[in-house]
$ cat start-v3.tsv   # TSV, C-alpha atoms and all ligand atoms
chain	number	residue	atom	x	y	z
A	1	MET	CA	-8.08	-20.87	2.66
A	2	LYS	CA	-5.48	-20.36	0.03
A	3	ARG	CA	-7.44	-19.12	-2.95
A	4	VAL	CA	-8.99	-15.72	-2.34
A	5	GLY	CA	-11.48	-14.22	-4.76
A	6	VAL	CA	-11.47	-10.43	-4.88
A	7	ILE	CA	-14.42	-8.49	-6.26
A	8	GLY	CA	-12.83	-5.44	-7.88
A	9	GLY	CA	-9.45	-5.11	-9.56
A	10	GLY	CA	-8.40	-1.54	-8.82
A	11	GLN	CA	-5.38	-0.38	-6.85
A	12	LEU	CA	-6.70	-1.80	-3.57
A	13	ALA	CA	-6.59	-5.31	-5.05
A	14	TRP	CA	-3.26	-4.57	-6.73
A	15	MET	CA	-1.75	-3.66	-3.34
A	16	MET	CA	-2.64	-7.12	-1.98
A	17	ALA	CA	0.01	-8.68	-4.22
A	18	ASP	CA	3.02	-8.65	-1.87
A	19	ALA	CA	1.02	-9.93	1.06
A	20	ALA	CA	-0.51	-12.68	-1.10
A	21	ARG	CA	2.97	-13.83	-2.10
A	22	LYS	CA	4.16	-13.76	1.51
A	23	LEU	CA	1.15	-15.74	2.77
A	24	GLU	CA	1.18	-18.04	-0.28
A	25	VAL	CA	-2.33	-17.05	-1.20
A	26	GLU	CA	-3.61	-17.04	-4.78
A	27	LEU	CA	-5.66	-14.02	-5.84
A	28	ILE	CA	-8.46	-14.46	-8.36
A	29	VAL	CA	-9.95	-11.14	-9.34
A	30	GLN	CA	-13.31	-10.10	-10.80
A	31	THR	CA	-12.88	-6.84	-12.66
A	32	PRO	CA	-14.20	-5.41	-15.93
A	33	SER	CA	-11.16	-4.35	-17.93
A	34	GLU	CA	-7.87	-5.73	-19.15
A	35	GLY	CA	-6.16	-2.48	-18.09
A	36	ASP	CA	-7.28	-2.60	-14.43
A	37	PRO	CA	-4.36	-2.49	-11.97
A	38	ALA	CA	-4.86	-5.92	-10.35
A	39	VAL	CA	-4.99	-7.81	-13.66
A	40	SER	CA	-1.20	-7.83	-13.69
A	41	ILE	CA	-0.89	-9.47	-10.26
A	42	ALA	CA	-3.84	-11.88	-10.27
A	43	GLN	CA	-3.39	-15.63	-10.76
A	44	GLU	CA	-6.60	-15.56	-12.72
A	45	VAL	CA	-9.14	-12.94	-13.74
A	46	VAL	CA	-12.89	-13.14	-14.29
A	47	PHE	CA	-13.54	-10.21	-16.59
A	48	ALA	CA	-16.86	-8.68	-15.56
A	49	PRO	CA	-18.23	-5.64	-13.75
A	50	VAL	CA	-18.21	-5.92	-9.96
A	51	ASP	CA	-22.02	-6.03	-9.78
A	52	ASP	CA	-22.27	-9.00	-12.15
A	53	ALA	CA	-23.32	-11.81	-9.80
A	54	ASN	CA	-23.21	-14.43	-12.57
A	55	ALA	CA	-19.52	-13.67	-12.88
A	56	THR	CA	-19.17	-13.92	-9.09
A	57	GLU	CA	-20.68	-17.40	-9.31
A	58	ILE	CA	-17.86	-18.32	-11.68
A	59	LEU	CA	-15.35	-16.64	-9.36
A	60	ALA	CA	-16.73	-18.62	-6.41
A	61	LYS	CA	-15.96	-21.91	-8.14
A	62	LYS	CA	-12.31	-20.90	-8.43
A	63	CYS	CA	-11.68	-19.89	-4.83
A	64	ASP	CA	-12.24	-20.73	-1.15
A	65	VAL	CA	-13.42	-17.33	0.05
A	66	ILE	CA	-14.50	-14.08	-1.58
A	67	THR	CA	-13.65	-10.61	-0.34
A	68	PHE	CA	-14.23	-7.09	-1.65
A	69	GLU	CA	-12.08	-4.24	-2.85
A	70	ASN	CA	-15.17	-2.52	-4.21
A	71	GLU	CA	-18.52	-2.59	-2.44
A	72	PHE	CA	-20.74	-1.50	-5.32
A	73	VAL	CA	-22.06	-5.05	-5.71
A	74	ASN	CA	-25.54	-6.48	-6.13
A	75	LEU	CA	-26.19	-7.80	-2.63
A	76	ASP	CA	-29.54	-9.42	-3.46
A	77	ALA	CA	-28.01	-11.47	-6.23
A	78	LEU	CA	-24.96	-12.36	-4.12
A	79	SER	CA	-27.13	-13.53	-1.24
A	80	VAL	CA	-28.40	-16.36	-3.46
A	81	LEU	CA	-24.79	-17.51	-3.77
A	82	ALA	CA	-24.26	-17.15	-0.02
A	83	GLU	CA	-27.30	-19.38	0.59
A	84	GLN	CA	-25.69	-21.96	-1.68
A	85	GLY	CA	-22.64	-21.95	0.57
A	86	VAL	CA	-20.32	-19.41	-1.02
A	87	CYS	CA	-18.18	-17.87	1.72
A	88	PHE	CA	-18.04	-14.07	1.65
A	89	ARG	CA	-15.76	-12.27	4.11
A	90	PRO	CA	-16.95	-9.88	5.32
A	91	ARG	CA	-20.35	-11.62	5.24
A	92	LEU	CA	-22.98	-9.90	3.11
A	93	GLU	CA	-25.01	-8.91	6.19
A	94	ALA	CA	-22.08	-6.73	7.23
A	95	LEU	CA	-22.39	-4.76	4.00
A	96	THR	CA	-26.20	-4.51	3.91
A	97	PRO	CA	-26.59	-1.47	6.20
A	98	LEU	CA	-23.64	0.37	4.65
A	99	LEU	CA	-24.11	0.60	0.90
A	100	ASP	CA	-26.77	3.30	1.09
A	101	LYS	CA	-25.43	6.36	2.92
A	102	TYR	CA	-28.79	7.03	4.55
A	103	HIS	CA	-29.07	3.45	5.85
A	104	GLN	CA	-25.48	3.71	7.01
A	105	ARG	CA	-26.14	6.88	9.02
A	106	ARG	CA	-29.24	5.23	10.52
A	107	TYR	CA	-27.26	2.13	11.44
A	108	LEU	CA	-24.50	4.15	13.10
A	109	SER	CA	-26.89	6.37	15.05
A	110	ASP	CA	-28.94	3.34	16.15
A	111	LEU	CA	-25.70	1.91	17.52
A	112	GLY	CA	-25.27	5.10	19.51
A	113	LEU	CA	-22.28	6.27	17.48
A	114	PRO	CA	-21.96	10.03	16.93
A	115	VAL	CA	-22.88	11.19	13.39
A	116	PRO	CA	-23.81	14.54	11.81
A	117	ARG	CA	-27.55	15.35	11.89
A	118	PHE	CA	-29.15	14.00	8.74
A	119	PHE	CA	-32.37	13.06	6.96
A	120	ALA	CA	-33.39	11.42	3.71
A	121	VAL	CA	-34.83	13.69	1.01
A	122	GLU	CA	-38.32	12.49	0.12
A	123	GLN	CA	-40.21	13.72	-2.91
A	124	THR	CA	-43.29	14.86	-1.06
A	125	GLU	CA	-41.92	16.62	1.96
A	126	ASN	CA	-41.62	20.21	2.95
A	127	LEU	CA	-37.88	20.66	2.85
A	128	LYS	CA	-37.80	24.21	4.10
A	129	SER	CA	-38.86	23.42	7.65
A	130	LYS	CA	-36.48	20.49	7.91
A	131	ILE	CA	-33.55	22.49	6.58
A	132	GLU	CA	-34.05	25.15	9.21
A	133	TYR	CA	-33.05	22.54	11.73
A	134	LEU	CA	-29.76	21.87	9.92
A	135	GLY	CA	-28.99	25.40	8.71
A	136	PHE	CA	-26.89	26.38	5.69
A	137	PRO	CA	-24.51	25.41	4.24
A	138	VAL	CA	-25.93	21.94	4.05
A	139	VAL	CA	-24.41	18.81	2.53
A	140	LEU	CA	-26.35	16.90	-0.10
A	141	LYS	CA	-25.19	13.36	-0.78
A	142	SER	CA	-26.24	10.71	-3.24
A	143	ARG	CA	-27.35	7.78	-1.12
A	144	ARG	CA	-25.65	5.26	-3.37
A	145	HIS	CA	-22.47	4.86	-5.38
A	146	GLY	CA	-20.66	7.97	-4.15
A	147	TYR	CA	-16.89	7.88	-3.87
A	148	ASP	CA	-14.07	10.40	-3.89
A	149	GLY	CA	-16.63	13.14	-3.35
A	150	GLN	CA	-18.63	12.26	-6.45
A	151	GLY	CA	-22.20	12.63	-5.32
A	152	THR	CA	-21.33	14.96	-2.39
A	153	PHE	CA	-22.37	18.59	-2.80
A	154	ILE	CA	-21.96	21.46	-0.38
A	155	ILE	CA	-25.01	23.67	-0.87
A	156	PRO	CA	-24.89	27.31	0.22
A	157	ASP	CA	-28.58	28.26	0.25
A	158	PHE	CA	-32.12	27.16	-0.43
A	159	ALA	CA	-32.23	28.34	-4.04
A	160	ALA	CA	-29.12	26.30	-4.86
A	161	LEU	CA	-30.62	23.28	-3.14
A	162	GLU	CA	-33.88	23.49	-5.09
A	163	LYS	CA	-31.99	23.92	-8.33
A	164	LYS	CA	-29.74	20.94	-7.64
A	165	LEU	CA	-32.60	18.71	-6.54
A	166	SER	CA	-34.85	19.51	-9.47
A	167	TYR	CA	-32.02	19.03	-11.94
A	168	GLU	CA	-30.85	15.76	-10.41
A	169	THR	CA	-34.29	14.26	-9.90
A	170	ILE	CA	-35.59	15.23	-13.33
A	171	THR	CA	-32.54	13.88	-15.09
A	172	LYS	CA	-32.16	10.78	-12.95
A	173	THR	CA	-34.72	8.75	-10.98
A	174	PRO	CA	-37.94	10.70	-10.53
A	175	ASN	CA	-39.80	8.78	-7.82
A	176	GLN	CA	-37.23	7.63	-5.33
A	177	SER	CA	-35.43	9.06	-2.39
A	178	ILE	CA	-31.95	9.17	-3.83
A	179	PHE	CA	-30.45	11.85	-1.59
A	180	LEU	CA	-29.46	12.40	1.98
A	181	LEU	CA	-29.15	15.86	3.51
A	182	GLU	CA	-26.91	16.48	6.48
A	183	GLU	CA	-25.47	19.29	8.49
A	184	PHE	CA	-22.23	20.81	7.28
A	185	VAL	CA	-19.63	20.00	9.94
A	186	PRO	CA	-17.11	22.85	10.27
A	187	PHE	CA	-14.48	20.32	11.23
A	188	GLU	CA	-11.09	21.21	12.58
A	189	ARG	CA	-9.55	18.09	11.06
A	190	GLU	CA	-10.58	14.93	9.31
A	191	LEU	CA	-9.42	11.66	10.82
A	192	ALA	CA	-9.56	8.00	9.91
A	193	ILE	CA	-8.87	4.62	11.43
A	194	ILE	CA	-8.38	1.22	9.83
A	195	ALA	CA	-9.57	-1.73	11.86
A	196	ALA	CA	-9.44	-5.46	11.21
A	197	ARG	CA	-11.45	-8.27	12.77
A	198	SER	CA	-10.55	-11.94	12.56
A	199	VAL	CA	-12.69	-15.06	12.26
A	200	ASP	CA	-12.27	-15.49	16.04
A	201	GLY	CA	-13.49	-11.96	16.74
A	202	GLU	CA	-10.06	-10.52	17.55
A	203	ILE	CA	-9.83	-6.84	16.59
A	204	VAL	CA	-6.74	-4.79	15.84
A	205	THR	CA	-6.67	-1.10	14.99
A	206	TYR	CA	-4.10	0.98	13.16
A	207	PRO	CA	-2.95	4.35	14.46
A	208	VAL	CA	-5.57	7.07	13.99
A	209	VAL	CA	-4.49	9.25	11.08
A	210	GLU	CA	-5.25	12.77	9.89
A	211	THR	CA	-6.61	12.86	6.35
A	212	GLN	CA	-6.63	15.97	4.20
A	213	GLN	CA	-9.16	16.27	1.40
A	214	GLU	CA	-9.26	18.83	-1.40
A	215	GLN	CA	-12.37	19.07	-3.54
A	216	GLN	CA	-13.51	16.09	-1.45
A	217	VAL	CA	-10.69	13.86	-2.68
A	218	CYS	CA	-8.02	12.63	-0.28
A	219	ARG	CA	-4.71	14.39	-0.93
A	220	ARG	CA	-2.60	13.51	2.12
A	221	VAL	CA	-2.56	11.34	5.21
A	222	ILE	CA	-0.44	11.97	8.31
A	223	ALA	CA	0.15	9.07	10.69
A	224	PRO	CA	-0.34	9.30	13.59
A	225	ALA	CA	-2.85	12.15	13.96
A	226	GLU	CA	-1.96	14.82	16.50
A	227	ILE	CA	-4.89	14.21	18.87
A	228	SER	CA	-5.30	13.46	22.56
A	229	PRO	CA	-5.08	9.93	24.02
A	230	ASN	CA	-8.76	10.26	24.99
A	231	GLN	CA	-9.73	11.00	21.42
A	232	VAL	CA	-7.67	8.01	20.23
A	233	ALA	CA	-9.43	5.80	22.78
A	234	GLU	CA	-12.83	7.12	21.71
A	235	ILE	CA	-12.12	6.40	18.04
A	236	GLU	CA	-10.78	2.93	18.80
A	237	ALA	CA	-13.94	2.25	20.78
A	238	ILE	CA	-16.07	3.34	17.80
A	239	ALA	CA	-14.16	0.89	15.62
A	240	HIS	CA	-14.68	-1.95	18.10
A	241	THR	CA	-18.39	-1.25	18.48
A	242	LEU	CA	-18.92	-1.14	14.73
A	243	LEU	CA	-16.88	-4.20	13.75
A	244	ASN	CA	-18.35	-6.28	16.56
A	245	SER	CA	-21.87	-5.20	15.81
A	246	LEU	CA	-21.53	-6.15	12.13
A	247	GLN	CA	-19.43	-9.22	12.99
A	248	VAL	CA	-16.99	-8.16	10.34
A	249	VAL	CA	-14.31	-10.54	9.15
A	250	GLY	CA	-11.87	-8.39	7.21
A	251	VAL	CA	-10.70	-4.79	7.18
A	252	PHE	CA	-12.82	-1.64	7.45
A	253	GLY	CA	-11.87	2.02	7.06
A	254	ILE	CA	-13.71	4.56	9.21
A	255	GLU	CA	-13.62	8.25	8.30
A	256	LEU	CA	-14.32	10.81	10.99
A	257	PHE	CA	-14.62	14.52	11.65
A	258	LEU	CA	-12.94	16.19	14.60
A	259	ALA	CA	-15.07	19.23	15.43
A	260	ALA	CA	-13.65	22.45	16.83
A	261	ASP	CA	-15.02	21.60	20.30
A	262	GLY	CA	-13.05	18.33	20.27
A	263	LYS	CA	-16.06	16.12	19.50
A	264	VAL	CA	-15.65	13.21	17.13
A	265	LEU	CA	-18.31	12.36	14.52
A	266	VAL	CA	-18.30	9.42	12.14
A	267	ASN	CA	-18.48	10.49	8.51
A	268	GLU	CA	-18.28	7.31	6.52
A	269	ILE	CA	-17.51	3.61	6.66
A	270	ALA	CA	-15.62	1.81	3.90
A	271	PRO	CA	-16.20	-1.96	4.22
A	272	ARG	CA	-12.74	-2.73	2.85
A	273	THR	CA	-9.18	-1.45	2.82
A	274	HIS	CA	-9.01	2.30	2.41
A	275	ASN	CA	-6.81	5.08	1.06
A	276	SER	CA	-6.26	6.34	4.61
A	277	GLY	CA	-4.44	3.06	5.37
A	278	HIS	CA	-1.99	3.02	2.47
A	279	PHE	CA	0.80	4.28	4.75
A	280	SER	CA	0.68	0.85	6.43
A	281	LEU	CA	2.36	-0.78	3.41
A	282	ASP	CA	5.67	0.88	4.28
A	283	ALA	CA	5.21	2.18	7.81
A	284	CYS	CA	3.70	-0.77	9.66
A	285	GLU	CA	4.79	-4.30	10.37
A	286	THR	CA	1.55	-5.66	8.89
A	287	SER	CA	-0.07	-3.67	6.09
A	288	GLN	CA	-3.83	-3.27	5.86
A	289	PHE	CA	-3.68	-5.50	2.75
A	290	GLU	CA	-1.89	-8.31	4.55
A	291	GLN	CA	-4.33	-7.87	7.42
A	292	GLN	CA	-7.29	-8.27	5.07
A	293	LEU	CA	-5.84	-11.50	3.67
A	294	ARG	CA	-5.02	-12.76	7.16
A	295	ALA	CA	-8.54	-12.06	8.37
A	296	VAL	CA	-10.39	-13.59	5.42
A	297	CYS	CA	-8.10	-16.65	5.34
A	298	GLY	CA	-8.71	-17.34	9.02
A	299	LEU	CA	-5.12	-16.56	10.06
A	300	PRO	CA	-4.19	-14.72	13.26
A	301	LEU	CA	-3.96	-10.96	12.73
A	302	GLY	CA	-0.58	-9.24	12.54
A	303	ASN	CA	0.87	-6.30	14.43
A	304	PRO	CA	-0.63	-3.05	13.07
A	305	GLY	CA	1.81	-0.74	14.89
A	306	LEU	CA	4.02	1.87	13.25
A	307	GLN	CA	7.63	0.84	12.75
A	308	CYS	CA	8.74	4.45	12.53
A	309	ALA	CA	7.92	7.58	14.51
A	310	ALA	CA	5.51	8.88	11.89
A	311	ALA	CA	4.71	8.79	8.19
A	312	VAL	CA	3.11	10.95	5.56
A	313	MET	CA	1.28	9.59	2.51
A	314	VAL	CA	0.58	11.72	-0.53
A	315	ASN	CA	-1.73	10.65	-3.34
A	316	LEU	CA	-0.48	11.20	-6.86
A	317	LEU	CA	-3.67	12.40	-8.52
A	318	GLY	CA	-4.20	12.92	-12.23
A	319	TYR	CA	-4.21	16.57	-13.29
A	320	GLU	CA	-4.70	16.19	-17.05
A	321	ASN	CA	-5.90	13.72	-19.68
A	322	SER	CA	-2.82	11.79	-20.69
A	323	HIS	CA	-1.26	8.39	-21.36
A	324	SER	CA	2.05	9.39	-19.77
A	325	ASP	CA	3.62	7.17	-17.12
A	326	TYR	CA	5.27	10.20	-15.48
A	327	GLN	CA	8.65	8.46	-15.17
A	328	SER	CA	10.69	11.54	-14.44
A	329	GLN	CA	8.41	12.92	-11.71
A	330	ARG	CA	8.23	9.49	-10.07
A	331	GLN	CA	12.01	9.23	-10.18
A	332	GLN	CA	12.47	12.63	-8.53
A	333	ILE	CA	9.99	11.78	-5.78
A	334	ALA	CA	11.67	8.42	-5.17
A	335	GLU	CA	14.92	10.27	-4.43
A	336	ILE	CA	13.42	11.87	-1.31
A	337	PRO	CA	14.97	10.06	1.71
A	338	GLN	CA	12.75	7.28	3.09
A	339	ALA	CA	10.23	7.70	0.26
A	340	TYR	CA	8.35	4.72	-1.18
A	341	VAL	CA	6.54	5.32	-4.45
A	342	HIS	CA	3.64	3.05	-5.44
A	343	TRP	CA	2.53	3.42	-9.04
A	344	TYR	CA	-0.72	1.68	-9.93
A	345	GLY	CA	0.09	1.17	-13.60
A	346	LYS	CA	-3.11	2.77	-14.91
A	347	THR	CA	-2.91	3.34	-18.64
A	348	GLU	CA	-4.81	6.60	-18.61
A	349	SER	CA	-4.61	9.70	-16.47
A	350	ARG	CA	-7.66	11.89	-15.85
A	351	LEU	CA	-8.34	14.84	-13.57
A	352	GLY	CA	-8.46	13.64	-9.95
A	353	ARG	CA	-7.80	9.99	-10.78
A	354	LYS	CA	-5.66	8.15	-8.23
A	355	LEU	CA	-2.57	7.09	-10.23
A	356	GLY	CA	-0.27	6.22	-7.37
A	357	HIS	CA	0.88	7.33	-3.94
A	358	VAL	CA	4.05	7.93	-2.02
A	359	THR	CA	4.74	7.31	1.64
A	360	VAL	CA	7.64	8.96	3.42
A	361	LEU	CA	8.75	7.57	6.77
A	362	LEU	CA	9.61	10.26	9.32
A	363	ASP	CA	11.74	10.13	12.42
A	364	ASN	CA	9.58	12.42	14.54
A	365	GLN	CA	5.94	13.37	14.94
A	366	ASN	CA	6.23	17.00	13.96
A	367	ARG	CA	3.13	17.85	11.90
A	368	GLU	CA	4.79	20.85	10.23
A	369	MET	CA	7.61	18.58	9.09
A	370	ALA	CA	5.13	16.10	7.61
A	371	MET	CA	3.33	18.93	5.82
A	372	ALA	CA	6.63	20.23	4.44
A	373	VAL	CA	7.48	16.80	3.03
A	374	ALA	CA	4.02	16.57	1.45
A	375	GLN	CA	4.54	20.02	-0.03
A	376	THR	CA	7.86	18.94	-1.57
A	377	ILE	CA	6.24	15.90	-3.17
A	378	GLU	CA	3.32	17.91	-4.51
A	379	SER	CA	5.61	20.56	-5.95
A	380	ILE	CA	7.39	17.84	-7.93
A	381	TRP	CA	4.18	16.09	-8.94
A	382	TYR	CA	1.84	18.90	-9.94
A	383	PRO	CA	2.84	21.32	-12.68
A	384	SER	CA	3.19	24.80	-11.20
B	401	LIG	P1	-17.30	10.06	-0.57
B	401	LIG	O1	-18.09	8.85	-0.18
B	401	LIG	O2	-17.56	10.48	-1.96
B	401	LIG	O3	-15.84	9.97	-0.20
B	401	LIG	P2	-17.74	11.66	1.78
B	401	LIG	O4	-19.05	11.62	2.45
B	401	LIG	O5	-16.62	10.91	2.44
B	401	LIG	O6	-17.92	11.24	0.27
B	401	LIG	O7	-17.30	13.16	1.61
B	401	LIG	C1	-16.10	13.55	0.98
B	401	LIG	C2	-15.55	14.77	1.69
B	401	LIG	O8	-16.51	15.83	1.67
B	401	LIG	C3	-15.23	14.55	3.16
B	401	LIG	O9	-13.96	13.96	3.33
B	401	LIG	C4	-15.30	15.97	3.67
B	401	LIG	O10	-14.11	16.69	3.36
B	401	LIG	C5	-16.45	16.56	2.88
B	401	LIG	N1	-17.71	16.35	3.64
B	401	LIG	C6	-18.55	15.31	3.54
B	401	LIG	N2	-19.58	15.42	4.39
B	401	LIG	C7	-19.41	16.57	5.06
B	401	LIG	C8	-20.13	17.27	6.10
B	401	LIG	N3	-21.28	16.78	6.59
B	401	LIG	N4	-19.61	18.42	6.55
B	401	LIG	C9	-18.47	18.93	6.05
B	401	LIG	N5	-17.75	18.35	5.08
B	401	LIG	C10	-18.20	17.19	4.58

$ encode --input "start-v3.tsv" --output "structure tokens"
Amino acid sequence: MKRVGVIGGGQLAWMMADAARKLEVELIVQTPSEGDPAVSIAQEVVFAPVDDANATEILAKKCDVITFENEFVNLDALSVLAEQGVCFRPRLEALTPLLDKYHQRRYLSDLGLPVPRFFAVEQTENLKSKIEYLGFPVVLKSRRHGYDGQGTFIIPDFAALEKKLSYETITKTPNQSIFLLEEFVPFERELAIIAARSVDGEIVTYPVVETQQEQQVCRRVIAPAEISPNQVAEIEAIAHTLLNSLQVVGVFGIELFLAADGKVLVNEIAPRTHNSGHFSLDACETSQFEQQLRAVCGLPLGNPGLQCAAAVMVNLLGYENSHSDYQSQRQQIAEIPQAYVHWYGKTESRLGRKLGHVTVLLDNQNREMAMAVAQTIESIWYPS
């Protein structure tokens, strides 16, 4: 398997470049626009939206296996290709229960994995009685196509919920259940784990990390998370159960909540590499991107362990509309000892857009120290 097709050409595909070179793998990318990050590193590009299955048919002819950096695909249309023998890794059946957040929650709870209490919002039902069971605030989520908090709304009371629902359903799809409601988890911390599973069913997991979101967008990641060995074991077990159950071949990101009472709940599954694993590019022997290529090419998995005591990753998020490449800020950040700046080469900056990230390797696991480093980076990056 030496020619890998990648559906999606954003930064996650772009970050596969070094590993592809190392493993002598060619990357052929399906992505809509000339300016997308992975266009510059791909051997060949099929220019089309990720949900264009006709384009994926063309992609399939150019490669040995197809993997995903973006899961917003048309599974029904792709399954026709799979029946014709196109090899998708992970297989499409591993994505089927995950693309709709309600189906995903159902799948996880059916597996016996801990999730927040939830239900699907149906047009005809009496919401009031169901909400009483969850209590306010409540979290309303679009079942499909949410990312970076788009489509996730924290709702303080019933009036706000009614207003939001009537606005969204009138302006969008009137007769479908397009929302999920779930309890608001007053989490102590948010955590994540990246796990990879090989063709032979071998599983490796990365260190559990702490993720910090602001306005529902990931701002920082601290590796490893300051949690107990039991909690680590519990989260690793969740990863094993999930990847085995779906018979995943590839890399998955699992986002979790750590509640104040120490309980762990699964928030969300990303069926691909994930922002919470970017630290692995600089801090681990085998990055999540190399691991994905190893898994989908049928190679043995690499060592996911940290090569340093700890690391902190900070996203460089857009804070204005601009075409700047922010040379001087990037330069200043790069001067921080043990800092590795990754700049995705996007031609346009917008509020909240992920433009790059920086990972700083640390020589001890002091959380305050990691936070201080993150603070230094953010004070250089964001205008005061
Ligand atoms: P997306 O798919 O857009 O990333 P998520 O479901 O991961 O959406 O939610 C984004 C963020 O919103 C989470 O990282 C968390 O900070 C917050 N959030 C989501 N669901 C809940 C919840 N049930 N309780 C509390 N906070 C939540």

$ residues_around --input "start-v3.tsv" --residues "range 185-199 of chain A" --least-positions-apart "6" --cutoff "7 Å" --atoms "all atoms listed in the file" --output "ChimeraX atom specification"
/A:205-212,239,243,248-260,276-277,291,295,298,300-301

$ atom_distance --input "start-v3.tsv" --atom1 "CA of His145 in chain A" --atom2 "atom O6 of ligand LIG 401 (chain B)"
9.7 Å

$ closest_residue --input "start-v3.tsv" --among "A:Gln365, A:Gln215, A:Gln292, A:Gln332" --to "ligand LIG 401 (chain B)" --atoms "only C-alpha atoms and all ligand atoms"
A:Gln215

$ atom_distance --input "start-v3.tsv" --atom1 "CA of Ser177 in chain A" --atom2 "CA of Leu95 in chain A"
20.0 Å

$ residues_around --input "start-v3.tsv" --residues "Asp363 in chain A" --least-positions-apart "4" --cutoff "10 Å" --atoms "all atoms listed in the file" --output "PyMOL selection string"
chain A and resi 308-311+338+369

$ residues_near_ligand --input "start-v3.tsv" --ligand "ligand LIG 401 (chain B)" --cutoff "6 Å" --atoms "all atoms listed in the file" --output "PyMOL selection string"
chain A and resi 139+146-150+152+182-186+213+216+268

$ atom_distance --input "start-v3.tsv" --atom1 "CA of Ile131 in chain A" --atom2 "CA of Ala160 in chain A"
12.8 Å

$ closest_residue --input "start-v3.tsv" --among "A:Ile178, A:Ala283, A:Val266, A:Ile66" --to "Leu362 in chain A" --atoms "all atoms listed in the file"
A:Ala283

$ axis_aligned_box --input "start-v3.tsv" --around "range 186-204 of chain A" --padding-each-side "5 Å" --output "JSON"
{"center_x": -11.9, "center_y": 3.7, "center_z": 13.4, "size_x": 20.4, "size_y": 48.3, "size_z": 18.2}

$ residues_near_point --input "start-v3.tsv" --point "(3.4, 16.9, 12.2)" --cutoff "9 Å" --atoms "only C-alpha atoms" --output "JSON, numbers by chain"
{"A": [222, 223, 224, 225, 226, 310, 312, 364, 365, 366, 367, 368, 369, 370, 371]}

$ closest_residue --input "start-v3.tsv" --among "A:Lys346, A:Glu83, A:Ala17, A:Tyr382" --to "Gly35 in chain A" --atoms "all atoms listed in the file"
A:Lys346
